[in-house]
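The structure appears right after this line, and notes come after that.
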Amino acid sequence: MAFPSEALVTLALLFLVAFPLPDVHANASSSWRYAAHNIVGNNKVVTPNRHRPKFTAGPWKQAHATFYEGGSGTFGGACGYEDVVKEGYGLDTAALSTVLFKHGQTCGACYEIKCINSPQWCKPGQPSIFVTATNLCPPNYHQSGDNGGWCNPPREHFDLAKPAYLKIAEYKAGIVPVQYRRVPCKKQGGIRFTITGNPYFYLVKVWNVGGAGDITGVQVKGGEKLKWTELKRNWGQKWETNAMLAGESLTFRVRASDGRYTTSRRVVPKNWQFGQTFEGKNFA
């Protein structure tokens with residue numbers, strides 16, 4: 001049976017009204033929509049849920065710990081920290097196994113660690129240390145996970161900076177069983193933003209982050225032309241963009257792994273220079 005063209009058009013319109021086509025962009029930046037205020041979607045401000053609790057200590061888990069030699073200029077390599085002492089992390093730092101490192105996402109996270117179940121090698125009283133994740137302990141697939149390949153997946157392992165390790169265990173032990181948990185990071189002052197690169201490529205190191213400590217998203221907005229722009233993780237806690245930042249006063253928005261966010265408004269002046277560091281608003 002044939003239908004007049006007018007009837008077909010009418011039927012098509014009724015179908016679209018009754019069964020609207022899916023919005024293929026509906027999930028774009030959805031994590032920002034729920035994590036931050038003043039989120040920009042199509043240049044319109046969206047006000048999402050602001051009421052996220054502060055980051056608190058997580059459950060205790062089991063792992064092992066070893067130690068490695070180095071100094072303030074080498075303990076932060078895989079996370080992009082140039083000097084862990086000058087940047088406020090101190091020498092109580094850890095290189096994480098691949099499973100914990102998560103391609104650099106966990107850089108900046110803080111842990112409480114205790115040596116357990118080894119009376120011969122654990123320091124008396126089972127003291128806790130509080131360390132920051134600043135490096136990667138790479139896998140060694142030439143050795144098994146229980147005999148030298150301590151950081152091989154799926155092992156959760158901490159290769160501690162030697163000064164931190166010696167606070168909980170004896171040097172001769174080499175490797176000890178530990179108990180660990182995520183804890184809030186306590187920092188002095190605000191989040192720091194260090195801008196390097198060139199006029200065609202910008203690299204922003206985000207450091208001294210309180211609360212959860214590890215960052216999962218960074219946005220920047222200029223005071224004049226630059227709209228909200230999401231940066232891409234380059235490595236560790238260094239974030240990149242080729243958007244034109246030069247000549248703009250800058251506002252940064254940072255999202256932590258617990259979904260909380262902080263916005264540092266116009267913390268970078270219009271006449272900023274490469275290599276400078278600016279202080280923003282930290283997590284409470």
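Letters for chains follow the order of the structure tokens (A, B, ...), residue numbers begin at 1 for each chain, and ligand numbers begin at 1 in the order shown.
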
**Message:** Can you pull out the residues contacting Asp92 of chain A? Cut-off 7 Å, using only C-alpha atoms, and skip same-chain residues under 3 positions away; I want them as a PyMOL selection string.
**Reply:** chain A and resi 130-132+161+163-164

Selected residues written out, C-alpha atoms, as a CSV table (one decimal), in the first residue's frame:
chain,number,residue,atom,x,y,z
A,130,PHE,CA,53.6,9.0,56.0
A,131,VAL,CA,54.9,9.1,52.5
A,132,THR,CA,53.9,10.7,49.2
A,161,ALA,CA,63.1,6.2,49.4
A,163,PRO,CA,65.5,7.4,54.4
A,164,ALA,CA,61.8,6.6,54.7

Kindly provide the residues of segment 112-196 of chain A that approach segment 262-271 of chain A to within 12 Å, each paired with its closest atom pair and their distance in Å to one decimal, based on only C-alpha atoms, listed by chain and increasing number, as a tab-separated table.
residue	atom	partner	partner_atom	distance
A:Gly190	CA	A:Ser264	CA	9.4
A:Ile191	CA	A:Ser264	CA	8.7
A:Arg192	CA	A:Val267	CA	10.0
A:Phe193	CA	A:Val268	CA	8.9
A:Thr194	CA	A:Val268	CA	10.1
A:Ile195	CA	A:Val268	CA	9.8

**Request:** Give me every strand (DSSP E) residue in segment 117-234 of chain A, going by DSSP on the backbone, as a PyMOL selection string.
**Result:** chain A and resi 128-136+157-161+176-183+192-198+201-207+215-222+229-230+232-234

Expected file contents, prior selection, N, CA and C atoms, as a short mmCIF file (atom, residue, chain, number, x, y, z; two decimals), in the first residue's frame:
data_model
loop_
_atom_site.label_atom_id
_atom_site.label_comp_id
_atom_site.auth_asym_id
_atom_site.auth_seq_id
_atom_site.Cartn_x
_atom_site.Cartn_y
_atom_site.Cartn_z
N SER A 128 54.55 4.23 62.32
CA SER A 128 54.01 4.56 61.00
C SER A 128 54.90 5.59 60.32
N ILE A 129 54.95 5.51 59.00
CA ILE A 129 55.52 6.60 58.22
C ILE A 129 54.43 7.10 57.29
N PHE A 130 54.52 8.36 56.95
CA PHE A 130 53.57 8.97 56.02
C PHE A 130 54.37 9.42 54.80
N VAL A 131 54.08 8.80 53.66
CA VAL A 131 54.86 9.05 52.46
C VAL A 131 53.97 9.57 51.33
N THR A 132 54.59 10.24 50.39
CA THR A 132 53.91 10.73 49.19
C THR A 132 54.38 9.93 47.98
N ALA A 133 53.46 9.56 47.12
CA ALA A 133 53.81 8.87 45.88
C ALA A 133 54.43 9.86 44.91
N THR A 134 55.71 9.66 44.59
CA THR A 134 56.42 10.61 43.71
C THR A 134 57.14 9.93 42.56
N ASN A 135 57.06 8.59 42.47
CA ASN A 135 57.86 7.92 41.45
C ASN A 135 57.22 6.58 41.09
N LEU A 136 57.75 5.96 40.05
CA LEU A 136 57.29 4.65 39.58
C LEU A 136 58.34 3.60 39.87
N HIS A 157 52.99 -2.75 45.60
CA HIS A 157 54.31 -2.71 46.23
C HIS A 157 54.79 -1.27 46.35
N PHE A 158 55.54 -1.00 47.44
CA PHE A 158 56.12 0.31 47.68
C PHE A 158 57.64 0.18 47.69
N ASP A 159 58.29 0.86 46.77
CA ASP A 159 59.74 0.97 46.78
C ASP A 159 60.05 2.31 47.43
N LEU A 160 60.35 2.28 48.70
CA LEU A 160 60.47 3.51 49.48
C LEU A 160 61.83 4.16 49.28
N ALA A 161 61.84 5.49 49.36
CA ALA A 161 63.12 6.18 49.44
C ALA A 161 63.82 5.67 50.69
N VAL A 176 60.19 -6.15 53.28
CA VAL A 176 59.38 -6.46 54.47
C VAL A 176 57.90 -6.38 54.12
N PRO A 177 57.07 -7.17 54.83
CA PRO A 177 55.62 -7.04 54.66
C PRO A 177 55.14 -5.77 55.35
N VAL A 178 54.19 -5.09 54.73
CA VAL A 178 53.68 -3.84 55.29
C VAL A 178 52.16 -3.80 55.23
N GLN A 179 51.64 -2.94 56.05
CA GLN A 179 50.22 -2.59 56.03
C GLN A 179 50.15 -1.13 55.60
N TYR A 180 49.22 -0.81 54.72
CA TYR A 180 49.16 0.57 54.23
C TYR A 180 47.72 1.02 54.03
N ARG A 181 47.55 2.33 53.99
CA ARG A 181 46.25 2.92 53.65
C ARG A 181 46.46 4.31 53.09
N ARG A 182 45.53 4.74 52.25
CA ARG A 182 45.53 6.12 51.77
C ARG A 182 45.11 7.04 52.89
N VAL A 183 45.76 8.19 52.98
CA VAL A 183 45.42 9.19 53.99
C VAL A 183 45.39 10.56 53.33
N ARG A 192 50.40 24.70 43.87
CA ARG A 192 51.34 25.44 43.03
C ARG A 192 51.18 25.04 41.56
N PHE A 193 51.31 26.03 40.72
CA PHE A 193 51.26 25.83 39.27
C PHE A 193 52.55 26.38 38.67
N THR A 194 53.36 25.51 38.09
CA THR A 194 54.60 25.94 37.44
C THR A 194 54.42 25.78 35.93
N ILE A 195 54.59 26.88 35.20
CA ILE A 195 54.34 26.88 33.75
C ILE A 195 55.66 26.89 33.00
N THR A 196 55.85 25.89 32.14
CA THR A 196 57.03 25.83 31.28
C THR A 196 56.56 25.59 29.85
N GLY A 197 57.51 25.49 28.92
CA GLY A 197 57.16 25.23 27.52
C GLY A 197 57.60 26.34 26.61
N ASN A 198 56.76 26.65 25.62
CA ASN A 198 57.04 27.71 24.65
C ASN A 198 55.71 28.26 24.17
N PHE A 201 53.42 25.45 22.93
CA PHE A 201 53.20 24.26 23.74
C PHE A 201 53.41 24.62 25.20
N TYR A 202 52.40 24.40 26.02
CA TYR A 202 52.45 24.81 27.42
C TYR A 202 52.38 23.57 28.32
N LEU A 203 53.25 23.54 29.32
CA LEU A 203 53.30 22.44 30.27
C LEU A 203 53.12 23.02 31.66
N VAL A 204 52.11 22.52 32.38
CA VAL A 204 51.81 23.03 33.72
C VAL A 204 52.01 21.91 34.73
N LYS A 205 52.95 22.12 35.64
CA LYS A 205 53.14 21.15 36.73
C LYS A 205 52.28 21.58 37.91
N VAL A 206 51.46 20.65 38.39
CA VAL A 206 50.56 20.92 39.51
C VAL A 206 51.11 20.17 40.73
N TRP A 207 51.44 20.90 41.79
CA TRP A 207 52.07 20.26 42.94
C TRP A 207 51.65 20.92 44.25
N ILE A 215 45.75 14.28 41.27
CA ILE A 215 44.91 15.08 40.40
C ILE A 215 44.47 14.27 39.19
N THR A 216 43.19 14.37 38.85
CA THR A 216 42.67 13.65 37.69
C THR A 216 42.20 14.59 36.58
N GLY A 217 42.21 15.89 36.82
CA GLY A 217 41.80 16.81 35.78
C GLY A 217 42.23 18.23 36.07
N VAL A 218 42.58 18.96 35.02
CA VAL A 218 42.99 20.37 35.14
C VAL A 218 42.35 21.15 34.01
N GLN A 219 41.77 22.29 34.33
CA GLN A 219 41.24 23.21 33.33
C GLN A 219 41.86 24.58 33.53
N VAL A 220 41.90 25.36 32.44
CA VAL A 220 42.44 26.71 32.51
C VAL A 220 41.53 27.65 31.73
N LYS A 221 41.45 28.89 32.20
CA LYS A 221 40.64 29.91 31.53
C LYS A 221 41.40 31.22 31.56
N GLY A 222 41.39 31.92 30.45
CA GLY A 222 42.06 33.22 30.38
C GLY A 222 41.15 34.34 30.81
N THR A 229 39.39 25.56 29.05
CA THR A 229 40.08 24.56 28.23
C THR A 229 40.61 23.46 29.14
N GLU A 230 40.33 22.21 28.78
CA GLU A 230 40.81 21.09 29.58
C GLU A 230 42.22 20.69 29.12
N LYS A 232 45.58 18.11 29.07
CA LYS A 232 45.80 16.67 28.95
C LYS A 232 47.03 16.28 29.77
N ARG A 233 46.94 15.13 30.45
CA ARG A 233 48.08 14.68 31.22
C ARG A 233 49.24 14.34 30.28
N ASN A 234 50.38 14.98 30.50
CA ASN A 234 51.57 14.69 29.71
C ASN A 234 52.33 13.52 30.34
#

**Message:** Using only C-alpha atoms, which protein or nucleic acid residues come within 12 Å of Tyr141 of chain A? Drop anything in the same chain fewer than 4 positions from it, and give the result as a ChimeraX atom specification.
**Reply:** /A:145-154

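The set of residues in segment 161-243 of chain A assigned to alpha helix (DSSP H) by DSSP, using only backbone atoms of this structure, is A:Lys162, A:Pro163, A:Ala164, A:Tyr165.
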
**Request:** With a distance cut-off of 9 Å and only C-alpha atoms, select the neighbouring residues of Met244 of chain A, excluding the residue or stretch itself and same-chain residues fewer than 2 positions from it, and output the selection as a PyMOL selection string.
**Result:** chain A and resi 199-202+226+241-242+246-248

Export of prior selection with N, CA, C and O atoms as an mmCIF file, in the first residue's frame:
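See selection-v4.cif below for the written result:
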data_model
loop_
_atom_site.group_PDB
_atom_site.id
_atom_site.type_symbol
_atom_site.label_atom_id
_atom_site.label_comp_id
_atom_site.auth_asym_id
_atom_site.auth_seq_id
_atom_site.Cartn_x
_atom_site.Cartn_y
_atom_site.Cartn_z
ATOM 1 N N PRO A 199 55.700 29.296 23.345
ATOM 2 C CA PRO A 199 54.432 29.911 22.923
ATOM 3 C C PRO A 199 53.483 28.980 22.162
ATOM 4 O O PRO A 199 52.316 29.337 21.950
ATOM 5 N N TYR A 200 53.966 27.816 21.749
ATOM 6 C CA TYR A 200 53.130 26.893 20.984
ATOM 7 C C TYR A 200 52.799 25.618 21.752
ATOM 8 O O TYR A 200 52.026 24.791 21.295
ATOM 9 N N PHE A 201 53.423 25.454 22.929
ATOM 10 C CA PHE A 201 53.200 24.260 23.741
ATOM 11 C C PHE A 201 53.414 24.616 25.204
ATOM 12 O O PHE A 201 54.493 25.078 25.581
ATOM 13 N N TYR A 202 52.395 24.402 26.023
ATOM 14 C CA TYR A 202 52.450 24.805 27.424
ATOM 15 C C TYR A 202 52.381 23.572 28.318
ATOM 16 O O TYR A 202 51.562 22.674 28.099
ATOM 17 N N LEU A 226 40.680 33.387 26.057
ATOM 18 C CA LEU A 226 40.705 31.941 26.265
ATOM 19 C C LEU A 226 39.513 31.470 27.090
ATOM 20 O O LEU A 226 39.349 31.873 28.241
ATOM 21 N N THR A 241 48.877 21.657 27.083
ATOM 22 C CA THR A 241 47.885 22.226 26.176
ATOM 23 C C THR A 241 48.615 23.033 25.104
ATOM 24 O O THR A 241 49.708 23.548 25.355
ATOM 25 N N ASN A 242 48.031 23.122 23.938
ATOM 26 C CA ASN A 242 48.568 24.015 22.910
ATOM 27 C C ASN A 242 47.664 25.227 22.720
ATOM 28 O O ASN A 242 47.829 25.985 21.768
ATOM 29 N N ALA A 246 49.622 32.616 26.506
ATOM 30 C CA ALA A 246 50.455 33.818 26.610
ATOM 31 C C ALA A 246 49.601 35.083 26.535
ATOM 32 O O ALA A 246 48.650 35.168 25.753
ATOM 33 N N GLY A 247 49.943 36.046 27.378
ATOM 34 C CA GLY A 247 49.249 37.328 27.368
ATOM 35 C C GLY A 247 47.911 37.323 28.068
ATOM 36 O O GLY A 247 47.163 38.310 27.995
ATOM 37 N N GLU A 248 47.584 36.245 28.745
ATOM 38 C CA GLU A 248 46.310 36.145 29.462
ATOM 39 C C GLU A 248 46.566 36.005 30.960
ATOM 40 O O GLU A 248 47.521 35.327 31.380
#

**Prompt:** What gap, in Å, lies between atom CA of Phe278 of chain A and atom CA of Thr106 of chain A?
**Reply:** 22.4 Å

**Prompt:** Distance atom CA of Gln188 of chain A-atom CA of Thr56 of chain A, one decimal place?
**Reply:** 18.1 Å

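Minimum atom-to-atom distances from A:Ala173, A:Ala95, A:Cys137, A:Cys79 to Cys122 of chain A were compared using only C-alpha atoms, and the lowest value belongs to A:Ala173.
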
**Prompt:** Of the residues A:Gly108, A:Gly259, A:Pro124, A:Gly77, which is the one nearest to Pro184 of chain A, using only C-alpha atoms?
**Reply:** A:Gly108

**Request:** Pick out the closest residue to Ile116 of chain A from this set: A:Ser249, A:Gly58, A:Phe274, A:Ala169. Count only C-alpha atoms.
**Result:** A:Ala169
